[in-house]
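Text of the file target_21.cif, holding mmCIF, C-alpha atoms:
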```
data_my_file
loop_
_atom_site.label_atom_id
_atom_site.label_comp_id
_atom_site.auth_asym_id
_atom_site.auth_seq_id
_atom_site.Cartn_x
_atom_site.Cartn_y
_atom_site.Cartn_z
CA MET A 1 0.00 0.00 0.00
CA LYS A 2 1.34 3.39 -0.97
CA ARG A 3 0.98 6.29 1.49
CA ILE A 4 0.42 9.65 -0.19
CA PHE A 5 0.58 12.88 1.76
CA VAL A 6 -2.20 15.34 1.01
CA PRO A 7 -0.80 18.88 0.90
CA THR A 8 -2.21 22.03 2.41
CA VAL A 9 -4.56 23.44 -0.21
CA ASN A 10 -5.30 27.11 -0.72
CA ASP A 11 -6.36 28.49 -4.08
CA GLU A 12 -3.17 29.83 -5.62
CA LYS A 13 -1.86 28.31 -8.84
CA ASP A 14 0.63 26.11 -6.97
CA ASP A 15 -2.19 24.67 -4.90
CA PHE A 16 -4.01 23.56 -8.04
CA LEU A 17 -0.81 22.10 -9.45
CA ASN A 18 -0.34 20.20 -6.17
CA LEU A 19 -3.85 18.79 -6.53
CA PHE A 20 -3.14 17.68 -10.10
CA ASN A 21 0.03 15.98 -8.88
CA LEU A 22 -1.99 14.29 -6.16
CA TYR A 23 -4.36 12.96 -8.83
CA GLN A 24 -1.45 11.57 -10.83
CA LYS A 25 0.11 9.96 -7.77
CA CYS A 26 -3.18 8.30 -6.85
CA PHE A 27 -3.65 6.68 -10.23
CA GLN A 28 -0.15 6.13 -11.62
CA ASP A 29 0.48 2.78 -9.89
CA PRO A 30 -1.92 -0.15 -9.67
CA VAL A 31 -1.55 -0.37 -5.93
CA GLU A 32 -3.74 0.53 -3.00
CA VAL A 33 -3.35 4.08 -1.82
CA ILE A 34 -3.83 5.64 1.57
CA LEU A 35 -4.24 9.40 1.79
CA ASP A 36 -2.46 10.87 4.78
CA PHE A 37 -3.52 14.35 5.98
CA SER A 38 -0.81 14.83 8.60
CA GLU A 39 0.92 17.48 6.47
CA CYS A 40 -2.33 19.21 5.55
CA ASN A 41 -3.03 22.28 7.65
CA PHE A 42 -5.73 23.89 5.57
CA PHE A 43 -7.92 22.42 2.87
CA ARG A 44 -10.07 24.79 0.88
CA GLN A 45 -13.30 23.99 -0.95
CA ASN A 46 -11.37 23.36 -4.18
CA GLY A 47 -9.51 20.55 -2.45
CA VAL A 48 -12.75 19.09 -1.13
CA ALA A 49 -14.44 19.03 -4.55
CA PHE A 50 -11.30 17.60 -6.15
CA LEU A 51 -10.82 14.91 -3.51
CA GLY A 52 -14.46 13.89 -3.92
CA GLY A 53 -13.75 13.39 -7.59
CA ILE A 54 -10.62 11.32 -6.95
CA LEU A 55 -12.45 9.02 -4.53
CA THR A 56 -15.42 8.62 -6.88
CA ILE A 57 -13.20 7.78 -9.86
CA GLY A 58 -11.19 5.42 -7.67
CA ASN A 59 -14.40 3.65 -6.73
CA ARG A 60 -15.47 3.33 -10.36
CA GLU A 61 -12.08 1.99 -11.42
CA LYS A 62 -11.94 -0.43 -8.49
CA LYS A 63 -8.84 1.37 -7.30
CA MET A 64 -8.58 1.17 -3.54
CA ILE A 65 -8.05 4.69 -2.19
CA TYR A 66 -8.44 5.10 1.55
CA LEU A 67 -8.51 8.16 3.75
CA ASP A 68 -6.50 7.89 6.94
CA GLU A 69 -9.09 9.60 9.10
CA SER A 70 -6.80 9.60 12.12
CA THR A 71 -4.45 12.05 10.36
CA ILE A 72 -7.15 14.64 9.60
CA LYS A 73 -6.77 17.61 11.91
CA SER A 74 -9.75 18.53 14.05
CA ALA A 75 -10.66 21.82 12.33
CA LEU A 76 -10.50 20.20 8.91
CA LYS A 77 -12.57 17.24 10.06
CA THR A 78 -15.23 19.60 11.38
CA ASN A 79 -15.32 21.34 8.02
CA LEU A 80 -15.57 18.04 6.14
CA CYS A 81 -18.44 17.00 8.40
CA GLN A 82 -20.18 20.33 7.92
CA ASN A 83 -20.07 20.31 4.13
CA GLY A 84 -21.22 16.71 3.81
CA PHE A 85 -17.96 15.26 2.53
CA ALA A 86 -17.48 13.13 5.66
CA THR A 87 -20.99 11.69 5.42
CA LYS A 88 -20.33 10.65 1.87
CA PHE A 89 -16.84 9.24 2.25
CA PHE A 90 -15.86 8.26 5.76
CA ASP A 91 -18.44 8.83 8.47
CA LYS A 92 -22.05 8.17 7.56
CA SER A 93 -23.14 8.78 11.14
CA VAL A 94 -22.48 12.52 10.88
CA ALA A 95 -25.21 14.62 9.35
CA PRO A 96 -23.98 17.76 7.59
CA TRP A 97 -25.10 21.16 8.79
CA THR A 98 -25.28 24.50 7.01
CA GLY A 99 -22.69 26.63 8.81
CA ASN A 100 -20.40 28.48 6.41
CA SER A 101 -20.30 25.74 3.82
CA ILE A 102 -21.82 25.43 0.43
CA PRO A 103 -22.28 21.67 0.55
CA TYR A 104 -20.12 19.19 -1.27
CA GLN A 105 -22.31 17.97 -4.12
CA GLU A 106 -22.00 15.72 -7.14
CA PHE A 107 -23.94 16.39 -10.32
CA SER A 108 -24.52 13.80 -13.00
CA ASN A 109 -25.95 14.28 -16.48
CA LYS A 110 -29.37 13.67 -14.98
CA ASP A 111 -29.00 16.47 -12.44
CA PHE A 112 -29.32 19.61 -14.56
CA HIS A 113 -32.40 20.54 -12.53
CA SER A 114 -30.43 20.43 -9.25
CA ILE A 115 -27.85 22.96 -10.33
CA PHE A 116 -29.96 26.09 -10.16
CA PRO A 117 -31.33 25.49 -6.62
CA TYR A 118 -27.80 24.64 -5.45
CA LEU A 119 -26.43 27.93 -6.71
CA ASN A 120 -29.45 30.05 -5.92
CA GLU A 121 -30.19 28.79 -2.44
CA ARG A 122 -26.91 27.42 -1.13
CA TRP A 123 -24.41 29.78 -2.66
CA LEU A 124 -25.79 33.26 -3.22
CA GLY A 125 -29.05 32.85 -1.37
CA ARG A 126 -27.49 32.71 2.07
CA GLY A 127 -27.18 36.44 2.63
CA TRP A 128 -23.39 36.33 2.87
CA ILE A 129 -23.14 39.07 0.29
CA ASN A 130 -25.32 42.14 0.21
CA ILE A 131 -26.41 41.76 -3.33
CA GLN A 132 -28.96 43.36 -5.55
CA GLU A 133 -31.64 40.75 -6.34
CA GLU A 134 -31.34 41.29 -10.09
CA LEU A 135 -27.58 40.88 -9.96
CA LYS A 136 -27.85 37.74 -7.85
CA ASP A 137 -30.22 36.27 -10.38
CA ASP A 138 -27.86 37.11 -13.24
CA ILE A 139 -24.78 35.70 -11.53
CA VAL A 140 -26.57 32.44 -10.75
CA THR A 141 -27.81 32.19 -14.32
CA ARG A 142 -24.33 32.68 -15.73
CA ILE A 143 -22.62 30.30 -13.32
CA TYR A 144 -25.29 27.72 -14.12
CA GLU A 145 -23.91 27.84 -17.67
CA LEU A 146 -20.51 26.71 -16.41
CA TYR A 147 -22.03 23.71 -14.66
CA ALA A 148 -24.13 22.88 -17.72
CA ASN A 149 -21.03 23.16 -19.93
CA SER A 150 -19.19 20.83 -17.60
CA LEU A 151 -21.93 18.20 -17.72
CA GLU A 152 -22.54 18.59 -21.43
CA HIS A 153 -19.06 18.92 -22.92
CA SER A 154 -16.65 17.13 -20.61
CA LYS A 155 -17.68 13.54 -21.41
CA SER A 156 -16.95 12.81 -17.78
CA GLU A 157 -18.53 9.54 -16.66
CA GLU A 158 -18.87 10.85 -13.12
CA GLY A 159 -20.34 14.26 -13.98
CA CYS A 160 -18.92 17.07 -11.89
CA PHE A 161 -18.12 17.83 -8.25
CA SER A 162 -18.74 21.06 -6.42
CA CYS A 163 -18.11 22.62 -3.04
CA GLY A 164 -17.98 26.13 -1.66
CA GLN A 165 -17.16 28.06 1.45
CA ASN A 166 -17.87 31.40 3.03
CA TYR A 167 -14.56 32.67 4.40
CA ASN A 168 -15.46 35.43 6.81
CA SER A 169 -11.87 36.13 7.76
CA TYR A 170 -10.88 36.65 4.12
CA ASN A 171 -14.11 38.41 3.10
CA GLU A 172 -14.50 35.87 0.34
CA LEU A 173 -17.20 33.62 -0.96
CA ALA A 174 -15.59 30.79 -2.89
CA LEU A 175 -17.07 28.14 -5.11
CA SER A 176 -15.33 25.33 -6.96
CA LEU A 177 -16.43 22.99 -9.69
CA VAL A 178 -14.37 20.18 -11.16
CA ASP A 179 -14.90 17.47 -13.73
CA PHE A 180 -12.51 14.74 -14.79
CA GLY A 181 -13.54 14.67 -18.43
CA ILE A 182 -11.37 15.36 -21.45
CA GLY A 183 -10.81 19.06 -20.79
CA ILE A 184 -11.69 22.18 -22.75
CA PRO A 185 -8.53 22.41 -24.94
CA ASN A 186 -8.68 18.72 -25.84
CA THR A 187 -12.37 19.01 -26.72
CA VAL A 188 -11.59 21.93 -29.03
CA LEU A 189 -8.60 20.20 -30.65
CA GLU A 190 -10.73 17.14 -31.31
CA HIS A 191 -13.52 19.30 -32.70
CA LEU A 192 -11.43 21.46 -35.02
CA LYS A 193 -9.37 18.63 -36.49
CA GLY A 194 -6.09 20.42 -37.10
CA ASP A 195 -7.25 24.03 -37.59
CA ILE A 196 -5.73 24.68 -34.17
CA THR A 197 -2.80 22.58 -33.03
CA ASN A 198 -1.86 23.68 -29.53
CA THR A 199 -3.79 23.60 -26.29
CA LEU A 200 -3.38 27.24 -25.33
CA ASP A 201 -4.81 28.43 -28.66
CA ALA A 202 -7.58 25.89 -28.20
CA MET A 203 -8.39 27.33 -24.77
CA LYS A 204 -8.49 30.83 -26.25
CA TRP A 205 -10.79 29.58 -29.01
CA ALA A 206 -13.20 28.13 -26.44
CA ILE A 207 -13.42 31.41 -24.58
CA LYS A 208 -14.06 33.45 -27.70
CA GLU A 209 -17.58 34.67 -28.31
CA GLY A 210 -19.79 32.33 -30.30
CA ASN A 211 -17.41 29.40 -30.47
CA SER A 212 -18.77 26.06 -29.40
CA THR A 213 -18.06 22.37 -29.65
CA ARG A 214 -21.69 21.42 -29.19
CA LYS A 215 -23.03 19.15 -31.92
CA ILE A 216 -25.98 20.36 -33.91
CA SER A 217 -26.74 17.19 -35.83
CA ASN A 218 -28.60 15.62 -32.96
CA THR A 219 -30.04 18.78 -31.49
CA THR A 220 -32.01 21.67 -32.88
CA TYR A 221 -29.85 24.39 -31.46
CA ARG A 222 -26.32 25.59 -31.44
CA GLY A 223 -24.35 26.31 -28.30
CA GLY A 224 -21.58 28.64 -27.42
CA MET A 225 -21.08 31.78 -25.43
CA GLY A 226 -21.50 30.28 -21.98
CA LEU A 227 -17.95 31.10 -21.02
CA SER A 228 -17.72 34.38 -22.83
CA LEU A 229 -20.79 35.73 -21.08
CA VAL A 230 -19.38 34.68 -17.73
CA GLN A 231 -16.20 36.48 -18.67
CA GLU A 232 -18.13 39.63 -19.51
CA PHE A 233 -20.03 39.44 -16.28
CA LEU A 234 -17.05 38.91 -13.99
CA THR A 235 -15.04 41.59 -15.71
CA LEU A 236 -17.94 43.97 -15.22
CA ASN A 237 -18.40 43.06 -11.58
CA GLY A 238 -14.78 42.77 -10.49
CA GLY A 239 -15.15 39.09 -9.66
CA CYS A 240 -12.40 36.54 -9.89
CA MET A 241 -12.40 33.24 -11.70
CA GLU A 242 -9.80 30.76 -12.82
CA ILE A 243 -10.29 27.79 -15.12
CA TYR A 244 -7.64 25.08 -15.17
CA SER A 245 -8.06 22.61 -17.99
CA ASN A 246 -5.53 20.18 -19.46
CA ASP A 247 -2.27 22.17 -19.38
CA CYS A 248 -3.90 25.60 -19.60
CA LEU A 249 -5.02 28.26 -17.20
CA TYR A 250 -7.51 30.98 -18.05
CA GLY A 251 -8.19 33.63 -15.46
CA ILE A 252 -10.07 36.82 -14.80
CA LYS A 253 -9.08 39.10 -11.95
CA GLY A 254 -10.92 42.37 -12.09
CA GLN A 255 -10.11 43.86 -15.48
CA GLU A 256 -7.17 41.54 -16.05
CA ILE A 257 -7.65 38.51 -18.28
CA TYR A 258 -4.82 36.03 -18.63
CA PHE A 259 -3.92 32.71 -20.23
CA GLU A 260 -1.02 30.55 -19.12
CA LYS A 261 0.53 27.25 -20.07
CA LEU A 262 0.90 24.91 -17.09
CA PRO A 263 3.68 22.42 -16.38
CA VAL A 264 1.15 19.73 -15.42
CA ASN A 265 -1.54 18.24 -17.63
CA PHE A 266 -4.82 17.72 -15.80
CA PRO A 267 -7.31 15.62 -17.78
CA GLY A 268 -10.38 17.62 -16.90
CA THR A 269 -11.61 21.09 -16.00
CA PHE A 270 -11.41 22.91 -12.69
CA VAL A 271 -13.29 26.14 -12.14
CA ASN A 272 -12.69 28.33 -9.11
CA ILE A 273 -14.82 31.40 -8.52
CA LYS A 274 -14.27 33.94 -5.79
CA LEU A 275 -16.55 36.82 -4.97
CA LEU A 276 -15.24 39.49 -2.66
CA LYS A 277 -17.53 40.41 0.16
CA ASP A 278 -17.47 44.18 0.17
CA GLU A 279 -18.65 46.12 3.14
CA GLY A 280 -21.15 47.78 0.85
CA PHE A 281 -23.88 46.71 -1.48
CA TYR A 282 -22.75 44.38 -4.27
CA SER A 283 -24.32 45.57 -7.44
CA TYR A 284 -23.93 46.45 -11.08
CA LYS A 285 -21.36 49.19 -11.43
CA THR A 286 -23.79 51.22 -13.46
CA ASN A 287 -26.21 51.38 -10.51
CA MET B 1 -52.25 41.57 -30.10
CA THR B 2 -51.50 38.16 -28.60
CA VAL B 3 -49.32 38.31 -25.51
CA ILE B 4 -47.32 35.26 -24.45
CA ASN B 5 -46.31 35.16 -20.80
CA VAL B 6 -42.85 33.57 -20.74
CA LYS B 7 -42.86 32.68 -17.06
CA LYS B 8 -46.16 30.82 -17.42
CA VAL B 9 -45.43 29.05 -20.70
CA THR B 10 -42.05 27.76 -19.57
CA ASP B 11 -43.20 26.78 -16.06
CA ASN B 12 -40.52 29.20 -14.93
CA ASP B 13 -37.76 27.09 -16.48
CA ARG B 14 -35.40 29.84 -17.54
CA VAL B 15 -32.15 27.97 -17.62
CA SER B 16 -32.55 24.79 -19.62
CA PRO B 17 -33.10 24.17 -23.35
CA VAL B 18 -36.41 22.54 -22.43
CA GLY B 19 -37.78 25.92 -21.31
CA GLY B 20 -36.56 27.54 -24.52
CA GLU B 21 -38.25 24.92 -26.66
CA LYS B 22 -41.52 25.19 -24.72
CA LEU B 23 -41.57 28.91 -25.43
CA ALA B 24 -40.67 28.39 -29.09
CA LYS B 25 -43.50 25.87 -29.57
CA LYS B 26 -46.02 28.35 -28.17
CA VAL B 27 -44.64 31.23 -30.23
CA SER B 28 -44.57 29.14 -33.40
CA GLN B 29 -48.12 27.96 -32.80
CA GLU B 30 -49.42 31.51 -32.23
CA ILE B 31 -47.64 32.95 -35.27
CA LYS B 32 -49.09 30.24 -37.51
CA LYS B 33 -52.55 30.58 -36.00
CA MET B 34 -52.86 34.35 -35.92
CA ASN B 35 -50.44 35.36 -38.64
CA GLN B 36 -49.97 38.64 -36.86
CA LYS B 37 -47.45 40.28 -34.56
CA ILE B 38 -47.22 38.76 -31.11
CA THR B 39 -45.71 40.04 -27.88
CA VAL B 40 -43.40 37.78 -25.91
CA ASP B 41 -43.51 39.11 -22.37
CA PHE B 42 -40.59 38.27 -20.06
CA ASN B 43 -42.08 40.13 -17.11
CA GLU B 44 -40.91 38.71 -13.76
CA SER B 45 -39.29 35.70 -15.39
CA GLY B 46 -35.74 36.70 -14.40
CA SER B 47 -32.62 36.20 -16.50
CA HIS B 48 -32.23 33.35 -18.93
CA THR B 49 -29.25 31.32 -20.08
CA SER B 50 -27.77 31.16 -23.56
CA LEU B 51 -28.90 27.51 -23.54
CA PHE B 52 -32.47 28.76 -23.22
CA PHE B 53 -32.24 31.31 -26.04
CA ASN B 54 -30.26 29.02 -28.34
CA ALA B 55 -32.92 26.34 -27.98
CA PHE B 56 -35.66 28.93 -28.49
CA TYR B 57 -34.30 30.27 -31.76
CA GLY B 58 -33.08 26.88 -32.93
CA TYR B 59 -36.56 25.43 -32.63
CA LEU B 60 -38.17 28.44 -34.32
CA PHE B 61 -35.79 28.51 -37.26
CA LYS B 62 -34.89 24.88 -37.88
CA ASP B 63 -37.78 23.94 -40.16
CA ASP B 64 -38.44 27.32 -41.66
CA ALA B 65 -35.17 28.88 -42.74
CA GLU B 66 -36.95 30.79 -45.54
CA SER B 67 -39.11 32.63 -43.04
CA ILE B 68 -36.54 33.67 -40.45
CA GLU B 69 -36.92 37.36 -41.24
CA SER B 70 -40.67 37.10 -41.15
CA ILE B 71 -40.67 35.20 -37.84
CA VAL B 72 -38.33 37.73 -36.23
CA SER B 73 -40.42 40.64 -37.48
CA LYS B 74 -43.58 39.15 -35.99
CA MET B 75 -42.14 38.87 -32.48
CA LYS B 76 -41.90 41.75 -30.08
CA MET B 77 -39.96 40.87 -26.95
CA VAL B 78 -40.68 42.99 -23.91
CA ASN B 79 -39.51 43.21 -20.29
CA LEU B 80 -36.22 41.40 -20.84
CA THR B 81 -33.68 41.93 -18.05
CA LYS B 82 -30.58 43.96 -18.89
CA LEU B 83 -28.49 40.80 -19.05
CA ASP B 84 -31.07 39.04 -21.20
CA THR B 85 -31.08 41.85 -23.73
CA GLY B 86 -27.47 41.07 -24.62
CA THR B 87 -27.84 37.29 -24.41
CA ASN B 88 -30.95 37.35 -26.56
CA GLU B 89 -29.35 39.49 -29.25
CA LYS B 90 -26.22 37.34 -29.43
CA CYS B 91 -28.16 34.09 -29.56
CA LYS B 92 -30.54 35.45 -32.16
CA GLU B 93 -27.66 36.71 -34.28
CA ASN B 94 -25.91 33.33 -34.08
CA SER B 95 -29.05 31.36 -34.88
CA VAL B 96 -30.01 33.59 -37.79
CA LYS B 97 -26.51 33.14 -39.17
CA GLN B 98 -26.62 29.40 -38.64
CA TYR B 99 -29.99 28.83 -40.24
CA SER B 100 -29.86 31.38 -43.04
CA ASP B 101 -26.24 31.16 -44.16
CA ILE B 102 -25.94 27.82 -45.94
CA ASP B 103 -22.12 27.96 -46.18
CA TYR B 104 -21.81 28.67 -42.48
CA ARG B 105 -24.23 25.90 -41.59
CA GLU B 106 -22.46 23.44 -43.85
CA SER B 107 -19.11 24.27 -42.28
CA ILE B 108 -20.50 23.47 -38.83
CA GLU B 109 -22.17 20.29 -40.03
CA LYS B 110 -18.95 19.23 -41.71
CA LEU B 111 -17.11 19.59 -38.41
CA ASN B 112 -19.76 17.54 -36.67
CA TYR B 113 -19.61 14.92 -39.40
CA TYR B 114 -15.91 14.46 -38.74
CA GLU B 115 -16.56 14.39 -35.04
CA GLU B 116 -19.07 11.57 -35.35
CA GLU B 117 -16.91 9.41 -37.62
#
```
What would the structure in this file look like if it were written as structure tokens?
Amino acid sequence: MKRIFVPTVNDEKDDFLNLFNLYQKCFQDPVEVILDFSECNFFRQNGVAFLGGILTIGNREKKMIYLDESTIKSALKTNLCQNGFATKFFDKSVAPWTGNSIPYQEFSNKDFHSIFPYLNERWLGRGWINIQEELKDDIVTRIYELYANSLEHSKSEEGCFSCGQNYNSYNELALSLVDFGIGIPNTVLEHLKGDITNTLDAMKWAIKEGNSTRKISNTTYRGGMGLSLVQEFLTLNGGCMEIYSNDCLYGIKGQEIYFEKLPVNFPGTFVNIKLLKDEGFYSYKTN
Amino acid sequence: MTVINVKKVTDNDRVSPVGGEKLAKKVSQEIKKMNQKITVDFNESGSHTSLFFNAFYGYLFKDDAESIESIVSKMKMVNLTKLDTGTNEKCKENSVKQYSDIDYRESIEKLNYYEEE
């Protein structure tokens, strides 16, 4: 049995790269794995969503991945109980409670209808941000598109995994979504058949207005624009979002938009959204 | 003038393609029946996704590419949210292009043909 140490996970780029390395370590050898949390001092919602994905894939592939519960520090264990992760993966006797968590949740291709209530009631409907009702509605609608894109385009057998957290001490409301599908750049490269040849250009193509990999031959409508509208919205509202997919990073921080090639190739898509909790009313800038 | 209440017709489904198609069926039915201008009223139905609008226009245009201009001219959309105004315009523009520009449509279908091979 191989013992793998789970790192401390915040939400900087290195933290995501550490998670991708953790994924590789878990699946690179056909041996049983035990996840040891003794070196993990903080584990953000992105880590929780990602770990849920690893354990679910492990279960599907009959790969034995165990959590060494005795190594999980008390504060982290409390958080994992609160957001429902513990109930799902290592302690069914503990019922989750609301607290400051946006629950750990898995969405399959049959769960499109669950996405909106999750976002509307459990993320922005908790009163953690003073937000104009119209703006709240618009944010939820746009973020729904990311979840729908993940379920529709990723070809992930497990669907997607989500978790969020209200960080009072950082004045942040964070939400993460991850799928272990084929990734945005790979989807585009497969779709365009040689018109684009590298992943970073493929990622840029996917973000561009009107581009889509959705098939039209078996549907009556054409897709596209989900991501570009989210981009417009977050740029307008000063929000922050990063999308890690394959070996690419796309990010929006305020007015800044950036693309970056990563040293690690993650076979899926990871979205991290952070809203800053201002002391004032969170609203359209024009209001 | 016939007024279609979006919230009612879609059972308040404003995010999925199913809601968009429900609205399109009602609009298509009313246009054929009345052959006059109709009002599509989005009052109190909130913001909608691009999935919703893409499905709406896709359904309206798919079997009647010749009449796209006529269909668009017979619809008056009112009470859209600020966000929806942009989404609607972009989706409409894309769908009109897709269903009226044969070269454009063929290029997309060609890509999908390769994809399905």
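The gap separating atom CA of Leu83 of chain B from atom CA of Tyr147 of chain A is 18.8 Å, in Å to one decimal.
One distance worth recording is that between atom CA of Asp36 of chain A and atom CA of Gly58 of chain A, which is 16.2 Å.
Proximity of A:Phe259, A:Phe42, A:Trp128, A:Phe89 to Ile102 of chain A, computed with only C-alpha atoms, is greatest for A:Trp128.
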Residues selected by the PyMOL selection byres ((chain B and resi 34-42) around 12), written as a PDB file with C-alpha atoms, in the coordinates of the input:
```pdb
ATOM      1  CA  MET B   1     -52.250  41.570 -30.100  1.00  0.00           C
ATOM      2  CA  THR B   2     -51.500  38.160 -28.600  1.00  0.00           C
ATOM      3  CA  VAL B   3     -49.320  38.310 -25.510  1.00  0.00           C
ATOM      4  CA  ILE B   4     -47.320  35.260 -24.450  1.00  0.00           C
ATOM      5  CA  ASN B   5     -46.310  35.160 -20.800  1.00  0.00           C
ATOM      6  CA  VAL B   6     -42.850  33.570 -20.740  1.00  0.00           C
ATOM      7  CA  LYS B   7     -42.860  32.680 -17.060  1.00  0.00           C
ATOM      8  CA  LYS B   8     -46.160  30.820 -17.420  1.00  0.00           C
ATOM      9  CA  VAL B   9     -45.430  29.050 -20.700  1.00  0.00           C
ATOM     10  CA  THR B  10     -42.050  27.760 -19.570  1.00  0.00           C
ATOM     11  CA  ASN B  12     -40.520  29.200 -14.930  1.00  0.00           C
ATOM     12  CA  ARG B  14     -35.400  29.840 -17.540  1.00  0.00           C
ATOM     13  CA  LEU B  23     -41.570  28.910 -25.430  1.00  0.00           C
ATOM     14  CA  ALA B  24     -40.670  28.390 -29.090  1.00  0.00           C
ATOM     15  CA  LYS B  26     -46.020  28.350 -28.170  1.00  0.00           C
ATOM     16  CA  VAL B  27     -44.640  31.230 -30.230  1.00  0.00           C
ATOM     17  CA  SER B  28     -44.570  29.140 -33.400  1.00  0.00           C
ATOM     18  CA  GLN B  29     -48.120  27.960 -32.800  1.00  0.00           C
ATOM     19  CA  GLU B  30     -49.420  31.510 -32.230  1.00  0.00           C
ATOM     20  CA  ILE B  31     -47.640  32.950 -35.270  1.00  0.00           C
ATOM     21  CA  LYS B  32     -49.090  30.240 -37.510  1.00  0.00           C
ATOM     22  CA  LYS B  33     -52.550  30.580 -36.000  1.00  0.00           C
ATOM     23  CA  ASN B  43     -42.080  40.130 -17.110  1.00  0.00           C
ATOM     24  CA  GLU B  44     -40.910  38.710 -13.760  1.00  0.00           C
ATOM     25  CA  SER B  45     -39.290  35.700 -15.390  1.00  0.00           C
ATOM     26  CA  GLY B  46     -35.740  36.700 -14.400  1.00  0.00           C
ATOM     27  CA  SER B  47     -32.620  36.200 -16.500  1.00  0.00           C
ATOM     28  CA  HIS B  48     -32.230  33.350 -18.930  1.00  0.00           C
ATOM     29  CA  SER B  70     -40.670  37.100 -41.150  1.00  0.00           C
ATOM     30  CA  ILE B  71     -40.670  35.200 -37.840  1.00  0.00           C
ATOM     31  CA  VAL B  72     -38.330  37.730 -36.230  1.00  0.00           C
ATOM     32  CA  SER B  73     -40.420  40.640 -37.480  1.00  0.00           C
ATOM     33  CA  LYS B  74     -43.580  39.150 -35.990  1.00  0.00           C
ATOM     34  CA  MET B  75     -42.140  38.870 -32.480  1.00  0.00           C
ATOM     35  CA  LYS B  76     -41.900  41.750 -30.080  1.00  0.00           C
ATOM     36  CA  MET B  77     -39.960  40.870 -26.950  1.00  0.00           C
ATOM     37  CA  VAL B  78     -40.680  42.990 -23.910  1.00  0.00           C
ATOM     38  CA  ASN B  79     -39.510  43.210 -20.290  1.00  0.00           C
ATOM     39  CA  LEU B  80     -36.220  41.400 -20.840  1.00  0.00           C
ATOM     40  CA  THR B  81     -33.680  41.930 -18.050  1.00  0.00           C
ATOM     41  CA  LYS B  82     -30.580  43.960 -18.890  1.00  0.00           C
ATOM     42  CA  ASP B  84     -31.070  39.040 -21.200  1.00  0.00           C
ATOM     43  CA  THR B  85     -31.080  41.850 -23.730  1.00  0.00           C
ATOM     44  CA  ASN B  88     -30.950  37.350 -26.560  1.00  0.00           C
TER      45      ASN B  88
END
```
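Closest approach to chain B among A:Ile139, A:Val178, A:Leu124, A:Cys81 is made by A:Ile139 (distances from only C-alpha atoms).
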### Query
Residues picked by the PyMOL selection byres ((chain A and resi 98) around 10) here, as a VMD selection string?
chain A and resid 82 to 84 96 to 97 99 to 103 122 126
### Message
Given the PyMOL selection byres ((chain A and resi 11) around 12) and the file above, list the residues it selects as a ChimeraX atom specification.
### Response
/A:8-10,12-19,42-48,172,174-176,240-244,270-274
### Query
In file coordinates, which residues lie within 7 Å of (-17.7, 21.4, -17.4) using all atoms listed in the file, given as a PyMOL selection string?
chain A and resi 146-154+179+269
### Residues near Cys91 of chain B, cut-off 8 Å, only C-alpha atoms, skip fewer than 6 positions along chain, as a ChimeraX atom specification
/B:50,53-54,57
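Atom pair atom CA of Tyr167 of chain A / atom CA of Leu249 of chain A has a distance of 24.0 Å (rounded to one decimal).
Nearest residue to Ile143 of chain A among B:Ser100, B:Ser67, B:Thr49, B:Asn94 is B:Thr49, counting only C-alpha atoms.
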